[in-house]
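Visitor: Here it is, the structure, as structure tokens.
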Amino acid sequence: MTAEEIWKVREGEIREPGIQHLVITALLIGVGTVAGMTGVSASVGFGVTFFWPAIAIQIVGGMWYGVWGGAVAAGTFPIISNMVAGTPPVGSLLWIPPNVIQGMAVGLVFRKFRLDPRLKSARDYLVFILVGGILASIPGALYAPWIGRMFGLFTEESYRVAAAAWLVGNGGSAIVFGIILLKALSPIVVKTRTFCKTLTA
Amino acid sequence: MKRTLLGYVPEKSIVYNFHPFTRLFVVFLLTFVPLLILNPAFNGALIVLTVIFFAVSRIDLKIFRYYLPVFVLLFVFITAIYTFFAEEEMMTEALLSVGGVTLYRPAINYALKVYLRILGVLFLTIYFLHVMTESEIVVALRSVKVPFVISYTLGLSLRAIGMFLEDYRTVREAEKARALDISEMNIFKKAAKLINYIVPLLALAIRRTDEFSDAISSRAFSLKTMKNRPNYLARKNRFKWTDFAGICLAVLAIAAVFYLHHRIP
Amino acid sequence: MKPAVEFKDYRWQYEGGRKDALRIPELVIGERSTVGVVGPNEQGKTTLVRTLNGIIPHSHRGVLKGEARVLGENVAEVSHQDLSRKVGVVFSDPDSQFTSMSVEEELVFGLENLNLPLAEIRGRLEWITRILELEDFLAKPPYELSGGQKQKVAIASVVVMKPKILVLDEPTSMLDPRGKEEIFRAVRRIKEEERITLVITEHNLEELLKIVDRVIHLDEGTLVFEGAVADFINAFDYSQDKIYPPEISSIFDFLKRGKEWDGDIPWKLEEGLKRYQRP
């Protein structure tokens with residue numbers, strides 16, 4: 001199966017959202033929450049987390065399952081895992097925009113340019129690192145200290161350091177964990193009926 | 001004891017006098033106090049009120065021991081921020097100076113206010129997670145007519161969290177049996193090891209998708225026929241006078257807090 | 001007897017598959033009969049189950065040839081939702097079937113999907129709770145029950161919808177002996193209470209053959225036998241090692257090969273002991 005074949009909707013092929021997409025959304029919320037609660041996430045309140053491995057679940061969610069994994073699950077599970085870390089849902093709602101960007105960006109680019117989610121070529125790796133690891137993390141890195149400042153968690157002086165730390169910590173885990181997950185599971189996922197060639201099915 | 005999201009509530013507790021929606025609503029409303037108010041008097045009072053909630057709900061206060069490391073980590077983090085990155089206007093009155101690092105009274109005062117605010121939120125959230133079950137969250141949402149697809153997916157997600165936590169524990173136990181205990185590792189080693197858990201958990205999720213989808217659709221579930229769906233469990237959870245009283249009291253309390261906050265300089 | 005299920009020149013191949021996952025030239029399952037489907041793993045049993053309630057072809061991608069009719073309707077033409085109201089399926093792993101947080105919610109989930117009036121839902125809930133003895137579990141989370149109890153709840157959550165055909169896909173494969181016993185007792189109870197068509201795929205022939213009237217044998221995705229239990233057990237190739245016949249049948253086959261026995265081979269222990277008398 002080539003990268004082109006992975007994404008291309010064949011003539012006559014009907015792709016519609018189904019129950020399986022609701023189910024994978026729920027299951028990704030489950031895995032994402034557990035990954036976000038595993039004891040190494042450095043949460044400092046109001047959803048600000050400097051090392052958050054669950055970011056990889058958002059990224060592969062968007063890559064494999066379009067809006068179900070990259071927007072719905074990626075936007076929801078941080079609310080639950082943040083709650084466990086003590087952030088009320090109202091506070092976590094503020095995090096939906098950067099979470100959705102993190103989840104959707106690289107999946108959108110891979111679909112648009114027909115890149116291989118199994119990361120077969122140097123181009124696949126390069127785009128994944130650039131978009132999934134760095135570009136998609138920038139909004140969160142700028143946003144996190146801003147949210148933190150809103151609640152007094154950060155000061156004006158600490159803004160740059162906090163943004164840099166966020167970018168390195170989360171962007172780094174997005175790259176490392178994301179690559180491992182894509183290499184390990186993409187070959188299986190692309191053959192399943194839940195895999196989304198388009199953004200919704 | 002009845003198992004809740006993060007703990008247990010005794011079989012006889014005042015908690016059960018309130019509809020799940022009331023519990024959800026009151027906690028939701030009260031979290032606006034620390035979110036919008038920095039005044040330590042209000043946030044301190046909120047913390048005391050939450051501890052009273054814990055006590056009257058007959059939840060063992062020893063559970064706070066588990067959260068102690070979080071409380072300490074937050075304190076250290078916030079104090080460090082206001083020590084090393086304090087804003088200029090806060091660096092007016094030196095409190096003490098150690099090894100070239102000066103602590104300023106206004107900065108530390110502010111840090112303590114922020115800490116109290118975050119503690120207020122933490123206490124409320126911990127209380128919420130200790131008095132609600134997954135099922136009650138779904139009941140609460142359905143009682144206010146949240147579309148079934150949304151409440152059902154959320155319910156399924158909460159179920160999935162429990163399931164994957166169980167899987168996670170199984171993998172950890174298996175590793176412990178082979179003399180590998182990550183709880184004894186430093187944070188960097190833990191982080192590196194984490195992928196060993198995430199890959200199998202995600203693989204399980206992928207495999208279970210088909211099984212769950214088949215099971216759900218085999219019981220006549222359809223995305224297209226969710227309108228006017230009967231709600232059998234609503235019969236068991238009816239709103240009582242205690243709910244109206246609880247909600248009214250919470251609204252009045254919040255209104256009073258914001259009024260006082262506005263009036264007090 | 002009216003047919004509940006009819007297959008004619010039926011073939012199904014999953015997308016990406018190299019060969020047919022299921023090939024049934026001709027098969028009729030009569031209404032209200034109890035049929036056991038036997039065969040090794042990955043040899044078409046689950047594909048047959050998925051076809052019976054329309055998951056195939058509606059939710060899986062692949063190529064379908066021929067025809068499968070369930071309760072008179074072509075599965076390829078009737079919607080999966082319509083079919084799932086008439087054909088209830090219980091899968092092997094109960095944990096992957098529970099989507100609710102309490103047994104009671106799990107039991108009413110399908111009834112709410114059917115848009116039944118609340119009084120009817122209550123009546124059916126009381127009925128299934130009584131016949132499968134689930135009173136003590138209603139408030140419990142299903143995943144906190146024992147294996148046998150879990151599967152019983154999974155079966156109850158489907159039976160409560162009163163399907164015309166009930167399909168149990170290896171319902172005891174993940175259970176300990178006590179759990180298996182519990183499930184077969186529950187199935188016998190359902191068979192007595194509800195006169196429905198029952199299709200059970202199972203590895204445990206020992207127990208299965210005690211409750212079914214007919215047997216369907218699948219091997220490498222192909223229907224190799226369909227007939228009464230007595231015919232199945234007498235025509236069975238005891239030298240193969242893909243599926244294991246009841247112990248008592250193996251013993252009688254051994255005796256038969258040694259010219260110690262020349263009658264029919266029994267499949268129930270009690271029956272075997274009664275038949276066999278030492279000279």
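Chain labels run A, B, ... following the order of the structure tokens; each chain numbers its residues from 1, and ligands are numbered from 1 in the order shown.
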Find the residues near A:Glu157: any atom within 10 Å, counting only C-alpha atoms, skip ones fewer than 6 places away on the same chain, and give them as a list in words.

Guide: Ile81, Tyr82, Phe84, Phe85, Ala86, Glu87 and Glu88 of chain B

Visitor: Atoms to include: C-alpha atoms. Write the selected residues as a compact mmCIF listing (two decimals), in the first residue's frame.

Guide:
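Final file, result32.txt:
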# COMPACT_ATOMS: atom_id res chain seq x y z
CA ILE B 81 8.40 31.91 39.98
CA TYR B 82 7.83 34.88 42.30
CA PHE B 84 13.30 34.40 40.33
CA PHE B 85 10.90 36.09 37.94
CA ALA B 86 9.10 38.64 40.11
CA GLU B 87 7.81 41.70 38.31
CA GLU B 88 9.58 44.99 39.00

Visitor: Give one line per residue of chain A that approaches chain C to at most 10 Å, naming the two atoms of the closest pair and their distance in Å to one decimal, counting only C-alpha atoms; sort by chain then ascending residue number and deliver it as a Markdown table.

Guide:
| residue | atom | partner | partner_atom | distance |
| --- | --- | --- | --- | --- |
| A:Glu13 | CA | C:Arg61 | CA | 9.7 |
| A:Ile14 | CA | C:Arg61 | CA | 9.9 |
| A:Gly18 | CA | C:Ser59 | CA | 8.5 |
| A:Ile19 | CA | C:Ser59 | CA | 9.2 |
| A:Gln20 | CA | C:Ser59 | CA | 8.9 |
| A:Val23 | CA | C:Thr99 | CA | 9.8 |
| A:Lys191 | CA | C:Gly16 | CA | 8.0 |
| A:Thr192 | CA | C:His60 | CA | 9.2 |
| A:Arg193 | CA | C:His60 | CA | 6.8 |
| A:Thr194 | CA | C:His60 | CA | 9.8 |

Visitor: Could you write out that same residue set with C-alpha atoms as a PDB file, in the first residue's frame?

Guide:
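Listed below is the output, result-v3.pdb:
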ATOM      1  CA  GLU A  13     -16.083   3.964  -1.964  1.00  0.00           C
ATOM      2  CA  ILE A  14     -18.536   5.219   0.648  1.00  0.00           C
ATOM      3  CA  GLY A  18     -20.208   5.646  12.063  1.00  0.00           C
ATOM      4  CA  ILE A  19     -20.487   4.229  15.544  1.00  0.00           C
ATOM      5  CA  GLN A  20     -16.882   3.069  15.323  1.00  0.00           C
ATOM      6  CA  VAL A  23     -16.113   4.475  19.969  1.00  0.00           C
ATOM      7  CA  LYS A 191      -6.103  -1.157   7.391  1.00  0.00           C
ATOM      8  CA  THR A 192      -8.923  -0.772   9.926  1.00  0.00           C
ATOM      9  CA  ARG A 193     -12.412   0.423   9.097  1.00  0.00           C
ATOM     10  CA  THR A 194     -12.135   3.230  11.661  1.00  0.00           C
TER      11      THR A 194
END

Visitor: Could you build a table of the residues in chain B lying no more than 10 Å from chain C, giving for each the nearest pair of atoms and their separation in Å rounded to one decimal place, using only C-alpha atoms, ordered by chain and ascending residue number, as a Markdown table?

Guide:
| residue | atom | partner | partner_atom | distance |
| --- | --- | --- | --- | --- |
| B:Lys2 | CA | C:Lys140 | CA | 9.5 |
| B:Arg3 | CA | C:Pro141 | CA | 9.5 |
| B:Thr133 | CA | C:Met101 | CA | 8.5 |
| B:Glu134 | CA | C:Met101 | CA | 6.6 |
| B:Ser135 | CA | C:Met101 | CA | 5.3 |
| B:Glu136 | CA | C:Met101 | CA | 9.0 |
| B:Val138 | CA | C:Met101 | CA | 9.3 |
| B:Tyr152 | CA | C:Ser100 | CA | 8.5 |
| B:Thr153 | CA | C:Thr99 | CA | 9.2 |
| B:Gly155 | CA | C:Ser100 | CA | 6.8 |
| B:Leu156 | CA | C:Thr99 | CA | 5.5 |
| B:Ser157 | CA | C:Thr99 | CA | 8.9 |
| B:Leu158 | CA | C:Met101 | CA | 8.7 |
| B:Arg159 | CA | C:Thr99 | CA | 6.7 |
| B:Ala160 | CA | C:Thr99 | CA | 8.5 |
| B:Gly162 | CA | C:Tyr143 | CA | 9.3 |
| B:Met163 | CA | C:Tyr143 | CA | 8.5 |
| B:Arg207 | CA | C:Ser96 | CA | 9.9 |
| B:Arg208 | CA | C:Ser96 | CA | 6.5 |
| B:Thr209 | CA | C:Ser96 | CA | 8.7 |
| B:Asp210 | CA | C:Ser96 | CA | 9.2 |
| B:Glu211 | CA | C:Ser96 | CA | 5.9 |
| B:Phe212 | CA | C:Ser96 | CA | 5.4 |
| B:Ser213 | CA | C:Gln97 | CA | 8.7 |
| B:Asp214 | CA | C:Ile55 | CA | 7.0 |
| B:Ala215 | CA | C:Gln97 | CA | 5.3 |
| B:Ile216 | CA | C:Gln97 | CA | 7.2 |
| B:Ser217 | CA | C:Gln81 | CA | 7.1 |
| B:Ser218 | CA | C:Ser84 | CA | 5.1 |
| B:Arg219 | CA | C:Gly110 | CA | 5.0 |
| B:Ala220 | CA | C:Ser84 | CA | 5.4 |
| B:Phe221 | CA | C:Asn113 | CA | 5.5 |
| B:Ser222 | CA | C:Gln81 | CA | 6.7 |
| B:Lys224 | CA | C:Gln81 | CA | 9.9 |
| B:Thr225 | CA | C:Asn113 | CA | 7.9 |
| B:Met226 | CA | C:Asn113 | CA | 7.6 |
| B:Lys227 | CA | C:Asn115 | CA | 9.4 |
| B:Asn228 | CA | C:Asn115 | CA | 7.8 |
| B:Arg229 | CA | C:Asn115 | CA | 5.7 |
| B:Pro230 | CA | C:Glu112 | CA | 5.5 |
| B:Asn231 | CA | C:Glu112 | CA | 7.0 |
| B:Tyr232 | CA | C:Leu118 | CA | 6.0 |
| B:Leu233 | CA | C:Glu105 | CA | 7.4 |
| B:Arg235 | CA | C:Leu118 | CA | 9.1 |

Visitor: Excluding same-chain residues fewer than 6 positions from stretch 195-206 of chain B, what lies within 7 Å of it counting only C-alpha atoms, as a list in words?

Guide: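 Residues near the query, excluding close chain neighbours: Leu27, Val31, Ala35, Phe177 and Leu181 of chain A; Phe164 and Tyr168 of chain B.
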
Visitor: Could you write those residues out with N, CA and C atoms, as a compact mmCIF listing (two decimals), in the first residue's frame?

Guide:
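Now in part-v9.txt:
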# COMPACT_ATOMS: atom_id res chain seq x y z
N LEU A 27 -12.45 5.82 23.27
CA LEU A 27 -11.28 5.05 23.68
C LEU A 27 -10.02 5.91 23.71
N VAL A 31 -7.45 6.42 26.72
CA VAL A 31 -5.99 6.23 26.68
C VAL A 31 -5.28 7.54 26.98
N ALA A 35 -2.69 8.25 29.89
CA ALA A 35 -1.33 8.69 29.55
C ALA A 35 -1.03 10.03 30.25
N PHE A 177 7.55 10.49 21.24
CA PHE A 177 6.45 9.53 21.40
C PHE A 177 5.64 9.38 20.11
N LEU A 181 4.91 5.87 18.15
CA LEU A 181 3.53 5.37 17.97
C LEU A 181 3.18 5.19 16.49
N PHE B 164 -8.62 1.26 30.84
CA PHE B 164 -7.20 1.41 30.51
C PHE B 164 -6.33 1.55 31.76
N TYR B 168 -3.25 -0.66 32.43
CA TYR B 168 -1.97 -0.04 32.81
C TYR B 168 -1.41 -0.70 34.06

Visitor: Applying 7 Å and only C-alpha atoms, which residues near C:Ser249 remain after dropping the ones on its own chain fewer than 3 positions away? List them as a ChimeraX atom specification.

Guide: /C:245-246,252-253,265-267

Visitor: Report the residues of stretch 56-170 of chain C whose backbone DSSP state falls under alpha helix (DSSP H), written as an MDAnalysis selection string.

Guide: chainID C and resid 56:58 80:86 103:113 118:131 147:159

Visitor: Which neighbours of A:Gln58 fall inside 10 Å, counting only C-alpha atoms, when residues of the same chain fewer than 5 positions from it are skipped, and could you give them as an NGL selection string?

Guide: :A and (28-29 or 32 or 53 or 63 or 69-75 or 77-78 or 99-104 or 174 or 178)

Visitor: What would the file look like if the residues just selected were written as a CSV table (one decimal), in the first residue's frame with N, CA, C and O atoms?

Guide:
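So the final result, stored in selection30.csv, reads:
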chain,number,residue,atom,x,y,z
A,28,LEU,N,-9.9,6.8,22.7
A,28,LEU,CA,-8.7,7.7,22.8
A,28,LEU,C,-8.8,8.7,24.0
A,28,LEU,O,-7.8,9.0,24.6
A,29,ILE,N,-10.0,9.1,24.3
A,29,ILE,CA,-10.1,9.9,25.5
A,29,ILE,C,-9.6,9.1,26.7
A,29,ILE,O,-8.9,9.6,27.6
A,32,GLY,N,-5.8,8.6,26.4
A,32,GLY,CA,-5.2,9.9,26.6
A,32,GLY,C,-5.2,10.4,28.0
A,32,GLY,O,-4.2,10.9,28.6
A,53,PRO,N,3.2,13.6,28.0
A,53,PRO,CA,3.3,12.6,27.0
A,53,PRO,C,2.0,12.4,26.2
A,53,PRO,O,2.0,11.9,25.1
A,63,MET,N,-4.0,12.2,13.2
A,63,MET,CA,-3.4,11.6,12.0
A,63,MET,C,-4.2,10.4,11.5
A,63,MET,O,-4.5,10.3,10.3
A,69,GLY,N,-10.2,12.0,16.5
A,69,GLY,CA,-9.1,11.8,17.4
A,69,GLY,C,-8.4,13.2,17.6
A,69,GLY,O,-8.0,13.5,18.7
A,70,GLY,N,-8.3,14.0,16.5
A,70,GLY,CA,-7.5,15.2,16.6
A,70,GLY,C,-8.2,16.4,17.2
A,70,GLY,O,-7.6,17.3,17.7
A,71,ALA,N,-9.6,16.4,17.1
A,71,ALA,CA,-10.3,17.5,17.7
A,71,ALA,C,-11.2,17.1,18.8
A,71,ALA,O,-11.0,17.6,20.0
A,72,VAL,N,-12.1,16.1,18.6
A,72,VAL,CA,-13.0,15.8,19.7
A,72,VAL,C,-12.2,15.2,20.9
A,72,VAL,O,-12.3,15.6,22.0
A,73,ALA,N,-11.5,14.1,20.6
A,73,ALA,CA,-10.8,13.4,21.7
A,73,ALA,C,-9.7,14.3,22.2
A,73,ALA,O,-9.5,14.5,23.4
A,74,ALA,N,-8.9,14.9,21.3
A,74,ALA,CA,-7.8,15.8,21.7
A,74,ALA,C,-8.2,17.0,22.5
A,74,ALA,O,-7.5,17.4,23.4
A,75,GLY,N,-9.4,17.5,22.2
A,75,GLY,CA,-9.9,18.6,23.0
A,75,GLY,C,-10.5,18.2,24.3
A,75,GLY,O,-10.6,19.0,25.3
A,77,PHE,N,-10.0,15.0,26.3
A,77,PHE,CA,-9.3,14.2,27.3
A,77,PHE,C,-8.4,15.1,28.3
A,77,PHE,O,-8.3,14.8,29.4
A,78,PRO,N,-7.8,16.2,27.7
A,78,PRO,CA,-7.1,17.0,28.7
A,78,PRO,C,-8.0,17.6,29.8
A,78,PRO,O,-7.5,17.8,30.9
A,99,ASN,N,-5.2,22.7,22.0
A,99,ASN,CA,-5.2,21.2,22.0
A,99,ASN,C,-5.7,20.7,20.6
A,99,ASN,O,-5.2,19.8,20.1
A,100,VAL,N,-6.7,21.4,20.1
A,100,VAL,CA,-7.2,21.0,18.8
A,100,VAL,C,-6.2,21.3,17.7
A,100,VAL,O,-6.0,20.5,16.8
A,101,ILE,N,-5.5,22.4,17.8
A,101,ILE,CA,-4.4,22.7,16.8
A,101,ILE,C,-3.3,21.6,16.9
A,101,ILE,O,-2.9,21.1,15.9
A,102,GLN,N,-2.9,21.3,18.1
A,102,GLN,CA,-1.9,20.2,18.3
A,102,GLN,C,-2.4,18.9,17.6
A,102,GLN,O,-1.6,18.2,17.0
A,103,GLY,N,-3.7,18.6,17.8
A,103,GLY,CA,-4.2,17.3,17.3
A,103,GLY,C,-4.4,17.3,15.8
A,103,GLY,O,-4.2,16.3,15.2
A,104,MET,N,-4.8,18.4,15.3
A,104,MET,CA,-5.2,18.4,13.9
A,104,MET,C,-4.1,18.7,12.9
A,104,MET,O,-4.1,18.3,11.7
A,174,ALA,N,6.1,15.2,21.9
A,174,ALA,CA,5.3,15.0,20.7
A,174,ALA,C,6.2,14.3,19.6
A,174,ALA,O,5.7,13.3,19.0
A,178,GLY,N,5.5,10.5,19.4
A,178,GLY,CA,4.7,10.5,18.2
A,178,GLY,C,5.3,9.5,17.1
A,178,GLY,O,4.6,8.7,16.5

Visitor: Mind checking which residues fall within 9 Å of C:Glu6, counting only C-alpha atoms, ignoring those fewer than 2 positions away in the same chain, and posting them as a short mmCIF file (atom, residue, chain, number, x, y, z; two decimals) with N, CA, C and O atoms, in the first residue's frame?

Guide:
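As a result, result_19.cif now contains:
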data_model
loop_
_atom_site.label_atom_id
_atom_site.label_comp_id
_atom_site.auth_asym_id
_atom_site.auth_seq_id
_atom_site.Cartn_x
_atom_site.Cartn_y
_atom_site.Cartn_z
N PRO C 3 -37.98 -21.22 7.81
CA PRO C 3 -36.54 -20.92 8.00
C PRO C 3 -36.33 -19.56 8.69
O PRO C 3 -37.02 -18.59 8.36
N ALA C 4 -35.40 -19.54 9.61
CA ALA C 4 -35.02 -18.26 10.24
C ALA C 4 -33.84 -17.67 9.47
O ALA C 4 -33.73 -16.46 9.31
N LYS C 8 -27.41 -18.95 0.49
CA LYS C 8 -27.33 -19.59 -0.83
C LYS C 8 -26.12 -19.06 -1.57
O LYS C 8 -25.99 -17.85 -1.79
N GLU C 26 -24.97 -23.77 0.74
CA GLU C 26 -26.39 -23.79 1.07
C GLU C 26 -26.58 -24.14 2.54
O GLU C 26 -25.92 -25.04 3.08
N LEU C 27 -27.46 -23.40 3.19
CA LEU C 27 -27.70 -23.66 4.61
C LEU C 27 -29.06 -23.09 5.01
O LEU C 27 -29.41 -21.97 4.62
N VAL C 28 -29.80 -23.85 5.78
CA VAL C 28 -31.07 -23.36 6.31
C VAL C 28 -31.08 -23.64 7.82
O VAL C 28 -30.82 -24.76 8.26
N ILE C 29 -31.39 -22.60 8.58
CA ILE C 29 -31.57 -22.78 10.03
C ILE C 29 -33.05 -22.54 10.32
O ILE C 29 -33.59 -21.47 10.02
N GLY C 30 -33.69 -23.56 10.86
CA GLY C 30 -35.13 -23.45 11.09
C GLY C 30 -35.47 -22.54 12.26
O GLY C 30 -34.68 -22.38 13.19
N GLU C 67 -26.13 -14.94 -1.42
CA GLU C 67 -27.21 -14.32 -0.66
C GLU C 67 -27.31 -14.92 0.74
O GLU C 67 -27.17 -16.13 0.93
N ALA C 68 -27.56 -14.05 1.71
CA ALA C 68 -27.86 -14.53 3.07
C ALA C 68 -29.17 -13.86 3.48
O ALA C 68 -29.28 -12.63 3.43
N ARG C 69 -30.16 -14.67 3.86
CA ARG C 69 -31.45 -14.11 4.29
C ARG C 69 -31.67 -14.43 5.75
O ARG C 69 -31.50 -15.56 6.19
N VAL C 70 -32.04 -13.40 6.48
CA VAL C 70 -32.35 -13.60 7.90
C VAL C 70 -33.78 -13.15 8.12
O VAL C 70 -34.14 -12.02 7.77
N LEU C 71 -34.59 -14.03 8.65
CA LEU C 71 -36.03 -13.78 8.85
C LEU C 71 -36.66 -13.26 7.55
O LEU C 71 -37.44 -12.31 7.56
N GLY C 72 -36.24 -13.85 6.47
CA GLY C 72 -36.83 -13.54 5.16
C GLY C 72 -36.22 -12.34 4.47
O GLY C 72 -36.53 -12.07 3.31
#

Visitor: With only C-alpha atoms as the atoms that count, which of A:Leu119, A:Ile57, A:Val168, A:Ala201 lies nearest to chain B?

Guide: A:Ile57

Visitor: As a PDB file with N, CA, C and O atoms, in the first residue's frame, please: every residue in stretch 9-240 of chain B that a backbone DSSP assignment puts in strand (DSSP E).

Guide:
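Saved as states_5.pdb:
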ATOM      1  N   VAL B   9     -17.375   6.767  49.037  1.00  0.00           N
ATOM      2  CA  VAL B   9     -18.290   7.496  49.905  1.00  0.00           C
ATOM      3  C   VAL B   9     -19.058   6.442  50.694  1.00  0.00           C
ATOM      4  O   VAL B   9     -19.479   5.435  50.125  1.00  0.00           O
ATOM      5  N   ALA B  94      12.533  44.255  50.380  1.00  0.00           N
ATOM      6  CA  ALA B  94      13.237  42.969  50.539  1.00  0.00           C
ATOM      7  C   ALA B  94      12.868  42.306  51.859  1.00  0.00           C
ATOM      8  O   ALA B  94      12.744  42.966  52.889  1.00  0.00           O
ATOM      9  N   LEU B  95      12.637  40.995  51.776  1.00  0.00           N
ATOM     10  CA  LEU B  95      12.263  40.236  52.970  1.00  0.00           C
ATOM     11  C   LEU B  95      13.511  39.586  53.555  1.00  0.00           C
ATOM     12  O   LEU B  95      13.813  39.737  54.720  1.00  0.00           O
ATOM     13  N   LEU B  96      14.225  38.882  52.703  1.00  0.00           N
ATOM     14  CA  LEU B  96      15.527  38.344  53.090  1.00  0.00           C
ATOM     15  C   LEU B  96      16.340  38.017  51.850  1.00  0.00           C
ATOM     16  O   LEU B  96      15.783  37.924  50.747  1.00  0.00           O
ATOM     17  N   SER B  97      17.618  37.877  52.051  1.00  0.00           N
ATOM     18  CA  SER B  97      18.508  37.603  50.932  1.00  0.00           C
ATOM     19  C   SER B  97      19.396  36.415  51.281  1.00  0.00           C
ATOM     20  O   SER B  97      20.061  36.415  52.317  1.00  0.00           O
ATOM     21  N   VAL B  98      19.349  35.398  50.431  1.00  0.00           N
ATOM     22  CA  VAL B  98      20.153  34.193  50.694  1.00  0.00           C
ATOM     23  C   VAL B  98      20.953  33.847  49.446  1.00  0.00           C
ATOM     24  O   VAL B  98      20.367  33.658  48.372  1.00  0.00           O
ATOM     25  N   VAL B 101      20.230  35.588  46.265  1.00  0.00           N
ATOM     26  CA  VAL B 101      18.817  35.601  45.837  1.00  0.00           C
ATOM     27  C   VAL B 101      18.001  36.354  46.892  1.00  0.00           C
ATOM     28  O   VAL B 101      18.047  36.034  48.083  1.00  0.00           O
ATOM     29  N   THR B 102      17.282  37.365  46.432  1.00  0.00           N
ATOM     30  CA  THR B 102      16.501  38.173  47.380  1.00  0.00           C
ATOM     31  C   THR B 102      15.009  37.847  47.252  1.00  0.00           C
ATOM     32  O   THR B 102      14.473  37.774  46.146  1.00  0.00           O
ATOM     33  N   LEU B 103      14.409  37.663  48.405  1.00  0.00           N
ATOM     34  CA  LEU B 103      12.957  37.466  48.418  1.00  0.00           C
ATOM     35  C   LEU B 103      12.316  38.811  48.754  1.00  0.00           C
ATOM     36  O   LEU B 103      12.721  39.454  49.707  1.00  0.00           O
ATOM     37  N   TYR B 104      11.320  39.182  47.964  1.00  0.00           N
ATOM     38  CA  TYR B 104      10.655  40.465  48.219  1.00  0.00           C
ATOM     39  C   TYR B 104       9.281  40.201  48.818  1.00  0.00           C
ATOM     40  O   TYR B 104       8.543  39.310  48.358  1.00  0.00           O
TER      41      TYR B 104
END

Visitor: Which of these, B:Thr31, B:Ser151, B:Thr4, B:Ser13, has the shortest distance to chain A once you count only C-alpha atoms?

Guide: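 Checking each candidate against chain A, we get B:Thr31 as the closest.
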
Visitor: One decimal, in Å: what's the spacing between atom CA of C:Ile211 and atom CA of C:Val103?

Guide: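 According to the coordinates, atom CA of C:Ile211 and atom CA of C:Val103 are separated by 27.1 Å.
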
Visitor: C:Val187: which residues within 10 Å, counting only C-alpha atoms, same-chain residues fewer than 6 positions away excluded, as a list in words?

Guide: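 My reading of the contact set: Leu132, Lys152, Ile155, Leu168, Pro171, Glu181, Glu193, Leu198, Ile200 and Ile211 of chain C.
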
Visitor: What does the structure give for the distance between atom CA of A:Ala163 and atom CA of A:Leu142, in Å to one decimal?

Guide: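 So the answer is 5.7 Å.
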